[in-house]
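J.: Got a structure for you, final.cif, holding mmCIF, C-alpha atoms.
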data_upload
#
loop_
_atom_site.label_atom_id
_atom_site.label_comp_id
_atom_site.auth_asym_id
_atom_site.auth_seq_id
_atom_site.Cartn_x
_atom_site.Cartn_y
_atom_site.Cartn_z
CA MET A 1 17.24 -94.53 8.90
CA ASP A 2 21.03 -94.13 8.97
CA ILE A 3 22.77 -93.08 12.18
CA VAL A 4 26.34 -91.78 12.19
CA GLU A 5 27.86 -91.40 15.66
CA LEU A 6 30.89 -89.13 16.06
CA LYS A 7 32.98 -88.38 19.13
CA GLU A 8 34.86 -85.12 19.16
CA GLY A 9 36.23 -83.11 22.09
CA GLY A 10 34.05 -84.84 24.68
CA VAL A 11 30.88 -84.43 22.62
CA ASN A 12 28.94 -87.35 21.10
CA THR A 13 27.09 -86.32 17.95
CA PHE A 14 24.40 -88.47 16.36
CA LYS A 15 23.67 -87.51 12.77
CA LEU A 16 20.33 -88.89 11.64
CA ARG A 17 19.30 -89.45 8.05
CA GLY A 18 15.93 -90.64 6.78
CA ARG A 19 12.88 -91.40 8.90
CA LEU A 20 12.59 -91.68 12.69
CA ASP A 21 9.32 -93.60 13.19
CA SER A 22 8.05 -96.69 15.09
CA ASN A 23 10.03 -98.81 12.67
CA THR A 24 13.41 -97.20 13.38
CA SER A 25 13.03 -95.65 16.85
CA GLN A 26 13.95 -98.77 18.85
CA SER A 27 17.41 -99.21 17.38
CA PHE A 28 18.11 -95.49 17.77
CA GLU A 29 16.93 -95.57 21.39
CA LYS A 30 19.23 -98.50 22.11
CA GLN A 31 22.27 -96.79 20.54
CA LEU A 32 21.59 -93.46 22.27
CA LEU A 33 20.96 -94.93 25.74
CA GLU A 34 24.02 -97.16 25.40
CA ALA A 35 26.20 -94.13 24.68
CA ILE A 36 24.81 -92.41 27.79
CA SER A 37 25.36 -95.46 29.99
CA ASP A 38 28.91 -95.68 28.57
CA GLY A 39 29.53 -92.19 29.92
CA ALA A 40 28.44 -89.72 27.21
CA ARG A 41 27.38 -86.52 28.99
CA ASN A 42 27.45 -83.96 26.18
CA VAL A 43 25.27 -85.22 23.36
CA ILE A 44 24.09 -83.58 20.14
CA ILE A 45 21.43 -84.97 17.82
CA ASP A 46 21.86 -83.49 14.36
CA PHE A 47 18.52 -83.49 12.47
CA LYS A 48 19.86 -81.88 9.30
CA GLU A 49 19.20 -84.89 7.07
CA LEU A 50 16.20 -86.23 8.95
CA ASP A 51 13.10 -86.00 6.74
CA TYR A 52 10.52 -87.35 9.11
CA ILE A 53 9.70 -87.87 12.80
CA SER A 54 6.64 -89.37 14.50
CA SER A 55 5.60 -89.59 18.16
CA ALA A 56 7.73 -92.75 18.46
CA GLY A 57 10.77 -90.60 17.66
CA LEU A 58 9.69 -87.89 20.11
CA ARG A 59 9.48 -90.52 22.87
CA VAL A 60 13.11 -91.56 22.29
CA ILE A 61 14.29 -87.94 22.52
CA LEU A 62 12.24 -87.40 25.70
CA LYS A 63 13.54 -90.57 27.34
CA ALA A 64 17.17 -89.77 26.46
CA THR A 65 16.81 -86.19 27.74
CA LYS A 66 15.48 -87.42 31.09
CA THR A 67 18.20 -90.09 31.35
CA ILE A 68 21.10 -87.75 30.57
CA LYS A 69 19.73 -85.07 32.91
CA ARG A 70 19.84 -87.52 35.81
CA GLN A 71 23.57 -87.95 35.05
CA ASP A 72 24.08 -84.15 34.99
CA GLY A 73 24.63 -84.29 31.25
CA LYS A 74 23.06 -82.29 28.45
CA LEU A 75 21.37 -83.17 25.17
CA MET A 76 21.17 -80.61 22.36
CA LEU A 77 19.04 -80.86 19.22
CA CYS A 78 20.00 -78.99 16.07
CA ALA A 79 19.41 -78.22 12.39
CA MET A 80 15.77 -79.36 12.15
CA GLN A 81 13.81 -78.93 8.95
CA ASP A 82 10.76 -76.71 9.42
CA TYR A 83 8.15 -79.42 9.42
CA VAL A 84 10.19 -81.64 11.77
CA LYS A 85 10.47 -78.70 14.16
CA GLU A 86 6.72 -78.16 13.88
CA VAL A 87 6.15 -81.67 15.30
CA PHE A 88 8.21 -80.74 18.39
CA GLU A 89 6.19 -77.53 18.70
CA ILE A 90 2.79 -79.23 18.42
CA ALA A 91 3.91 -81.74 21.05
CA GLY A 92 4.96 -78.83 23.29
CA PHE A 93 8.49 -80.28 23.50
CA ASP A 94 10.11 -77.08 22.27
CA SER A 95 9.33 -75.52 25.66
CA PHE A 96 11.81 -77.73 27.52
CA LEU A 97 14.16 -79.18 24.89
CA PRO A 98 17.11 -77.11 23.68
CA ILE A 99 16.63 -76.81 19.90
CA VAL A 100 19.20 -74.66 18.09
CA PRO A 101 19.55 -73.74 14.40
CA THR A 102 22.99 -75.15 13.60
CA LEU A 103 25.50 -77.79 14.68
CA GLU A 104 27.94 -75.00 15.59
CA ASP A 105 25.33 -73.50 17.95
CA ALA A 106 24.89 -76.89 19.59
CA PHE A 107 28.65 -77.25 20.20
CA LYS A 108 28.76 -73.81 21.79
CA ALA A 109 26.25 -74.93 24.43
CA PHE A 110 28.82 -77.15 26.16
CA MET B 1 -10.50 -99.10 -7.63
CA SER B 2 -9.08 -95.62 -7.91
CA THR B 3 -10.72 -92.91 -9.97
CA PRO B 4 -9.06 -89.61 -10.84
CA GLY B 5 -8.60 -87.65 -7.61
CA SER B 6 -9.31 -90.76 -5.59
CA PHE B 7 -6.83 -93.42 -4.42
CA SER B 8 -7.17 -96.65 -2.44
CA PHE B 9 -4.65 -99.09 -1.06
CA GLU B 10 -4.29 -101.71 1.65
CA LEU B 11 -1.67 -102.20 4.33
CA ARG B 12 -0.97 -105.36 6.38
CA ASN B 13 -0.80 -105.19 10.19
CA ARG B 14 3.00 -105.04 10.35
CA LEU B 15 5.20 -102.11 11.39
CA SER B 16 7.27 -102.54 8.22
CA GLU B 17 4.18 -101.38 6.29
CA LEU B 18 4.97 -97.81 7.44
CA GLU B 19 7.49 -97.83 4.58
CA THR B 20 4.72 -98.87 2.13
CA LEU B 21 2.44 -96.15 3.53
CA CYS B 22 5.15 -93.57 2.90
CA VAL B 23 5.78 -94.75 -0.68
CA LYS B 24 2.04 -94.88 -1.51
CA MET B 25 1.38 -91.45 -0.03
CA GLU B 26 4.36 -90.04 -1.92
CA SER B 27 2.70 -90.99 -5.23
CA VAL B 28 -0.74 -89.78 -4.06
CA GLY B 29 0.90 -86.49 -3.07
CA GLN B 30 2.51 -86.16 -6.48
CA ALA B 31 -0.70 -86.97 -8.35
CA LEU B 32 -2.63 -84.37 -6.33
CA GLY B 33 0.17 -81.80 -6.37
CA LEU B 34 0.33 -81.57 -2.58
CA SER B 35 3.07 -79.43 -1.04
CA ARG B 36 5.83 -81.25 0.85
CA ARG B 37 4.53 -79.89 4.13
CA CYS B 38 0.97 -81.02 3.45
CA LEU B 39 2.16 -84.48 2.43
CA PHE B 40 4.38 -84.68 5.53
CA GLU B 41 1.45 -83.80 7.79
CA VAL B 42 -0.98 -86.27 6.21
CA ASN B 43 1.69 -88.96 6.28
CA LEU B 44 2.37 -88.31 9.96
CA ALA B 45 -1.33 -88.45 10.89
CA LEU B 46 -1.75 -91.74 9.01
CA ASP B 47 1.46 -93.15 10.55
CA GLU B 48 0.22 -92.39 14.09
CA LEU B 49 -3.23 -93.90 13.50
CA PHE B 50 -1.84 -96.94 11.66
CA THR B 51 0.74 -97.58 14.43
CA ASN B 52 -2.05 -97.35 17.04
CA ILE B 53 -4.26 -99.76 15.13
CA ILE B 54 -1.61 -102.43 14.69
CA SER B 55 -0.29 -102.04 18.25
CA TYR B 56 -3.64 -102.30 20.05
CA GLY B 57 -6.30 -103.27 17.54
CA PHE B 58 -5.77 -106.96 16.97
CA GLN B 59 -5.92 -109.64 19.62
CA ASP B 60 -5.16 -112.61 17.39
CA GLN B 61 -1.99 -113.47 15.50
CA SER B 62 -3.63 -113.41 12.06
CA GLU B 63 -2.90 -111.05 9.25
CA HIS B 64 -5.30 -108.13 8.87
CA ALA B 65 -5.77 -105.50 6.20
CA ILE B 66 -6.00 -101.79 6.97
CA ARG B 67 -7.62 -99.94 4.09
CA VAL B 68 -6.75 -96.39 3.15
CA HIS B 69 -8.83 -94.22 0.80
CA VAL B 70 -7.67 -90.77 -0.19
CA SER B 71 -9.81 -88.38 -2.18
CA ALA B 72 -9.57 -84.73 -3.04
CA ASP B 73 -12.20 -82.27 -4.10
CA GLN B 74 -11.37 -78.65 -4.84
CA ASP B 75 -9.37 -77.59 -1.85
CA ARG B 76 -10.04 -80.37 0.61
CA LEU B 77 -8.42 -83.73 1.17
CA THR B 78 -10.39 -86.58 2.74
CA VAL B 79 -8.62 -89.66 4.05
CA VAL B 80 -10.54 -92.67 5.34
CA LEU B 81 -8.82 -95.40 7.35
CA GLU B 82 -10.67 -98.69 7.95
CA ASP B 83 -9.72 -101.69 10.07
CA ASP B 84 -11.48 -104.73 11.50
CA GLY B 85 -9.77 -104.54 14.90
CA VAL B 86 -11.40 -104.05 18.31
CA ALA B 87 -13.64 -100.98 18.60
CA PHE B 88 -11.45 -98.01 19.48
CA ASN B 89 -12.27 -94.36 19.23
CA PRO B 90 -9.02 -92.35 19.41
CA VAL B 91 -10.92 -89.09 19.01
CA ALA B 92 -12.51 -89.58 22.43
CA ARG B 93 -9.18 -89.53 24.26
CA ILE B 94 -8.75 -86.79 26.83
CA PRO B 95 -6.61 -84.01 25.33
CA LEU B 96 -3.07 -83.62 26.64
CA ASP B 97 -2.33 -80.75 28.95
CA LEU B 98 0.35 -78.90 26.98
CA PRO B 99 2.88 -77.45 27.25
CA CYS B 100 4.28 -79.46 30.12
CA ALA B 101 7.58 -79.49 31.98
CA LEU B 102 10.15 -82.19 31.19
CA ASP B 103 9.51 -84.13 34.39
CA GLU B 104 5.73 -84.15 34.11
CA CYS B 105 5.57 -84.75 30.40
CA ARG B 106 3.35 -87.73 29.56
CA VAL B 107 3.94 -89.56 26.33
CA GLY B 108 0.70 -91.55 26.18
CA GLY B 109 -1.74 -89.96 23.76
CA LEU B 110 0.97 -87.96 22.03
CA GLY B 111 0.27 -89.54 18.63
CA ILE B 112 -3.45 -88.70 18.76
CA HIS B 113 -2.60 -85.20 19.94
CA LEU B 114 -0.47 -84.75 16.80
CA VAL B 115 -3.25 -86.13 14.55
CA LYS B 116 -5.85 -83.75 15.98
CA ASN B 117 -3.53 -80.79 15.51
CA LEU B 118 -2.39 -81.66 12.00
CA MET B 119 -5.86 -82.35 10.59
CA ASP B 120 -8.83 -79.96 10.39
CA GLU B 121 -11.32 -82.63 11.32
CA VAL B 122 -11.09 -86.18 12.69
CA THR B 123 -14.21 -88.31 13.08
CA TYR B 124 -14.70 -91.88 14.26
CA GLU B 125 -17.47 -94.32 13.45
CA ARG B 126 -17.98 -97.99 14.24
CA ARG B 127 -19.72 -99.57 11.24
CA GLY B 128 -20.57 -103.23 11.84
CA GLY B 129 -17.23 -104.77 12.81
CA THR B 130 -15.18 -101.98 11.27
CA ASN B 131 -13.48 -98.91 12.73
CA VAL B 132 -13.79 -96.02 10.30
CA LEU B 133 -11.65 -92.93 10.86
CA THR B 134 -12.21 -89.97 8.56
CA LEU B 135 -9.66 -87.17 8.36
CA LYS B 136 -10.20 -83.89 6.56
CA LYS B 137 -7.61 -81.30 5.72
CA SER B 138 -7.44 -78.19 3.53
CA ILE B 139 -5.08 -78.78 0.65
CA ASP B 140 -2.12 -76.59 0.36
CA LYS B 141 -0.61 -77.11 -3.09
CA SER B 142 3.09 -77.01 -3.86
#
As structure tokens, how would this structure be written, given the file I've shared?
T.:
Amino acid sequence: MDIVELKEGGVNTFKLRGRLDSNTSQSFEKQLLEAISDGARNVIIDFKELDYISSAGLRVILKATKTIKRQDGKLMLCAMQDYVKEVFEIAGFDSFLPIVPTLEDAFKAF
Amino acid sequence: MSTPGSFSFELRNRLSELETLCVKMESVGQALGLSRRCLFEVNLALDELFTNIISYGFQDQSEHAIRVHVSADQDRLTVVLEDDGVAFNPVARIPLDLPCALDECRVGGLGIHLVKNLMDEVTYERRGGTNVLTLKKSIDKS
């Protein structure tokens, strides 16, 4: 999986490409939690080019959401492909995670 | 041996084999004309079960093989996953109480929850020293 991290107007955006599974989730978790501990409070994860997510990926998103919330920050998820979004829905995560259709929508949330 | 409509392959007990699983299932999906969604769902179910097996199934440091058989008849796909790890029946796990709130959300059992929801049928058998998981799913063609 490729991760591109961008910082723009006080928002950290992580663009993911490829597969977020048990093989790739640890390095993503490290990078994401490091950004939060370095002070990132407005974070977007852009799923546009992510083809695949497993429960290992869901755990990273859950952990990061809890961590950033404790710091009064906010994590937005955007641009998911249908079947990636379905995984969030089956897990019941769509009921408490902010998932929006586009990157622009995610920016507007801050 | 693979016959038409039937495919078999083996994976080693290493996380990096998830990549192999994906590549193998991609060609099975193509041969059977599965839709991208159907292939994604079968791949995800196998990923979750495989990750469980290699994380908890083996107590020694040796290499083990996890065998995967995929067959299709008419409109149904059958996938059988076999390993020689410790006896473990994931089907017997207590279902998650969903949806939950962020603070109460448990992550244990999430993988099995996904498997049960993505497949039509999941059955477990212990045959001799082998765990046999059988998954069934209606085929939705591309």
J.: Write out as a PyMOL selection string every residue belonging to chain A that has an atom at most 8 Å from any atom of chain B, counting only C-alpha atoms.
T.: chain A and resi 22-23+52-55+59+62+66+83+87+90-93+95-96
J.: Neighbours of Asp46 (chain A) within 7 Å (only C-alpha atoms; same-chain residues fewer than 6 positions away dropped), as a list in words?
T.: Thr13, Phe14, Lys15, Leu16, Leu77, Cys78, Ala79 and Leu103 of chain A
J.: Would you mind listing what lies within 12 Å of region 37-39 of chain A as a list in words, with all atoms listed in the file counted and same-chain residues fewer than 6 positions away left out?
T.: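 Counting only the stated atoms, we get Lys7, Gly10, Val11, Asn12, Lys30, Gln31, Ala64, Thr67, Ile68, Arg70, Gln71, Asp72, Gly73 and Lys74 of chain A.
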J.: Could the residues in this selection be written to a file with C-alpha atoms, as an mmCIF file, in the coordinates of the input?
T.:
data_model
loop_
_atom_site.group_PDB
_atom_site.id
_atom_site.type_symbol
_atom_site.label_atom_id
_atom_site.label_comp_id
_atom_site.auth_asym_id
_atom_site.auth_seq_id
_atom_site.Cartn_x
_atom_site.Cartn_y
_atom_site.Cartn_z
ATOM 1 C CA LYS A 7 32.980 -88.380 19.130
ATOM 2 C CA GLY A 10 34.050 -84.840 24.680
ATOM 3 C CA VAL A 11 30.880 -84.430 22.620
ATOM 4 C CA ASN A 12 28.940 -87.350 21.100
ATOM 5 C CA LYS A 30 19.230 -98.500 22.110
ATOM 6 C CA GLN A 31 22.270 -96.790 20.540
ATOM 7 C CA ALA A 64 17.170 -89.770 26.460
ATOM 8 C CA THR A 67 18.200 -90.090 31.350
ATOM 9 C CA ILE A 68 21.100 -87.750 30.570
ATOM 10 C CA ARG A 70 19.840 -87.520 35.810
ATOM 11 C CA GLN A 71 23.570 -87.950 35.050
ATOM 12 C CA ASP A 72 24.080 -84.150 34.990
ATOM 13 C CA GLY A 73 24.630 -84.290 31.250
ATOM 14 C CA LYS A 74 23.060 -82.290 28.450
#
J.: How big is the axis-aligned box around all listed atoms of region 71-90 of chain B once 5 Å goes on each side, and where's its centre, in Å to one decimal, as AutoDock Vina command-line options?
T.:
--center_x -11.0 --center_y -91.2 --center_z 7.3 --size_x 15.2 --size_y 37.1 --size_z 34.3
J.: I'd like the contact shell of Met80 (chain A) - 8 Å cut-off, all atoms listed in the file, skipping same-chain residues fewer than 6 positions apart - returned as a list of chain:residue names.
T.: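 Once the adjacent positions are removed, what remains is A:Asp46, A:Phe47, A:Lys48, A:Leu50, A:Pro101.
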J.: Starting from the shown file, work through the PyMOL selection byres ((chain B and resi 71) around 10) and note down what comes out as a list in words.
T.: Ser2, Thr3, Pro4, Gly5, Ser6, Phe7, Ser8, Val28, Leu32, His69, Val70, Ala72, Asp73, Arg76, Leu77, Thr78, Val79, Val80 and Lys136 of chain B
J.: Can you work out which one of A:Val84, A:Met1, A:Leu58, A:Met76 has the shortest atom-to-atom distance to Thr24 (chain A), counting all atoms listed in the file?
T.: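 Comparing A:Val84, A:Met1, A:Leu58, A:Met76 against Thr24 (chain A), the winner is A:Met1.
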J.: Specify as a PyMOL selection string each residue included when the PyMOL selection byres ((chain A and resi 29) around 10) is applied to this file.
T.: chain A and resi 24-28+30-35+57+59-61+63-64
J.: Once you have the residues from the selection above, write them out as a short mmCIF file (atom, residue, chain, number, x, y, z; two decimals), in the coordinates of the input, restricted to C-alpha atoms.
T.:
data_model
loop_
_atom_site.label_atom_id
_atom_site.label_comp_id
_atom_site.auth_asym_id
_atom_site.auth_seq_id
_atom_site.Cartn_x
_atom_site.Cartn_y
_atom_site.Cartn_z
CA THR A 24 13.41 -97.20 13.38
CA SER A 25 13.03 -95.65 16.85
CA GLN A 26 13.95 -98.77 18.85
CA SER A 27 17.41 -99.21 17.38
CA PHE A 28 18.11 -95.49 17.77
CA LYS A 30 19.23 -98.50 22.11
CA GLN A 31 22.27 -96.79 20.54
CA LEU A 32 21.59 -93.46 22.27
CA LEU A 33 20.96 -94.93 25.74
CA GLU A 34 24.02 -97.16 25.40
CA ALA A 35 26.20 -94.13 24.68
CA GLY A 57 10.77 -90.60 17.66
CA ARG A 59 9.48 -90.52 22.87
CA VAL A 60 13.11 -91.56 22.29
CA ILE A 61 14.29 -87.94 22.52
CA LYS A 63 13.54 -90.57 27.34
CA ALA A 64 17.17 -89.77 26.46
#
J.: Distance CA of Arg93 (chain B)-CA of Ser55 (chain B), one decimal place?
T.: 16.5 Å
J.: How many Å separate CA of Glu125 (chain B) from CA of Ser27 (chain B)?
T.: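 We find that CA of Glu125 (chain B) and CA of Ser27 (chain B) lie 27.7 Å from each other.
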J.: Take CA of Phe58 (chain B) and CA of Gly85 (chain B) and report the distance between them in Å, one decimal.
T.: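 Pair CA of Phe58 (chain B) / CA of Gly85 (chain B) returns 5.1 Å.
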J.: Looking at all atoms listed in the file, which of B:Phe9, B:Asp120, B:Arg127, B:Asp75 is the one that sits closest to Leu34 (chain B)?
T.: B:Asp75
J.: Rank B:Leu21, B:Ala87, B:Leu39, B:Leu81 by their smallest atom-to-atom distance to Gly57 (chain B), using all atoms listed in the file, and report the top residue only.
T.: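 Going through B:Leu21, B:Ala87, B:Leu39, B:Leu81 one by one, the smallest distance to Gly57 (chain B) is for B:Ala87.
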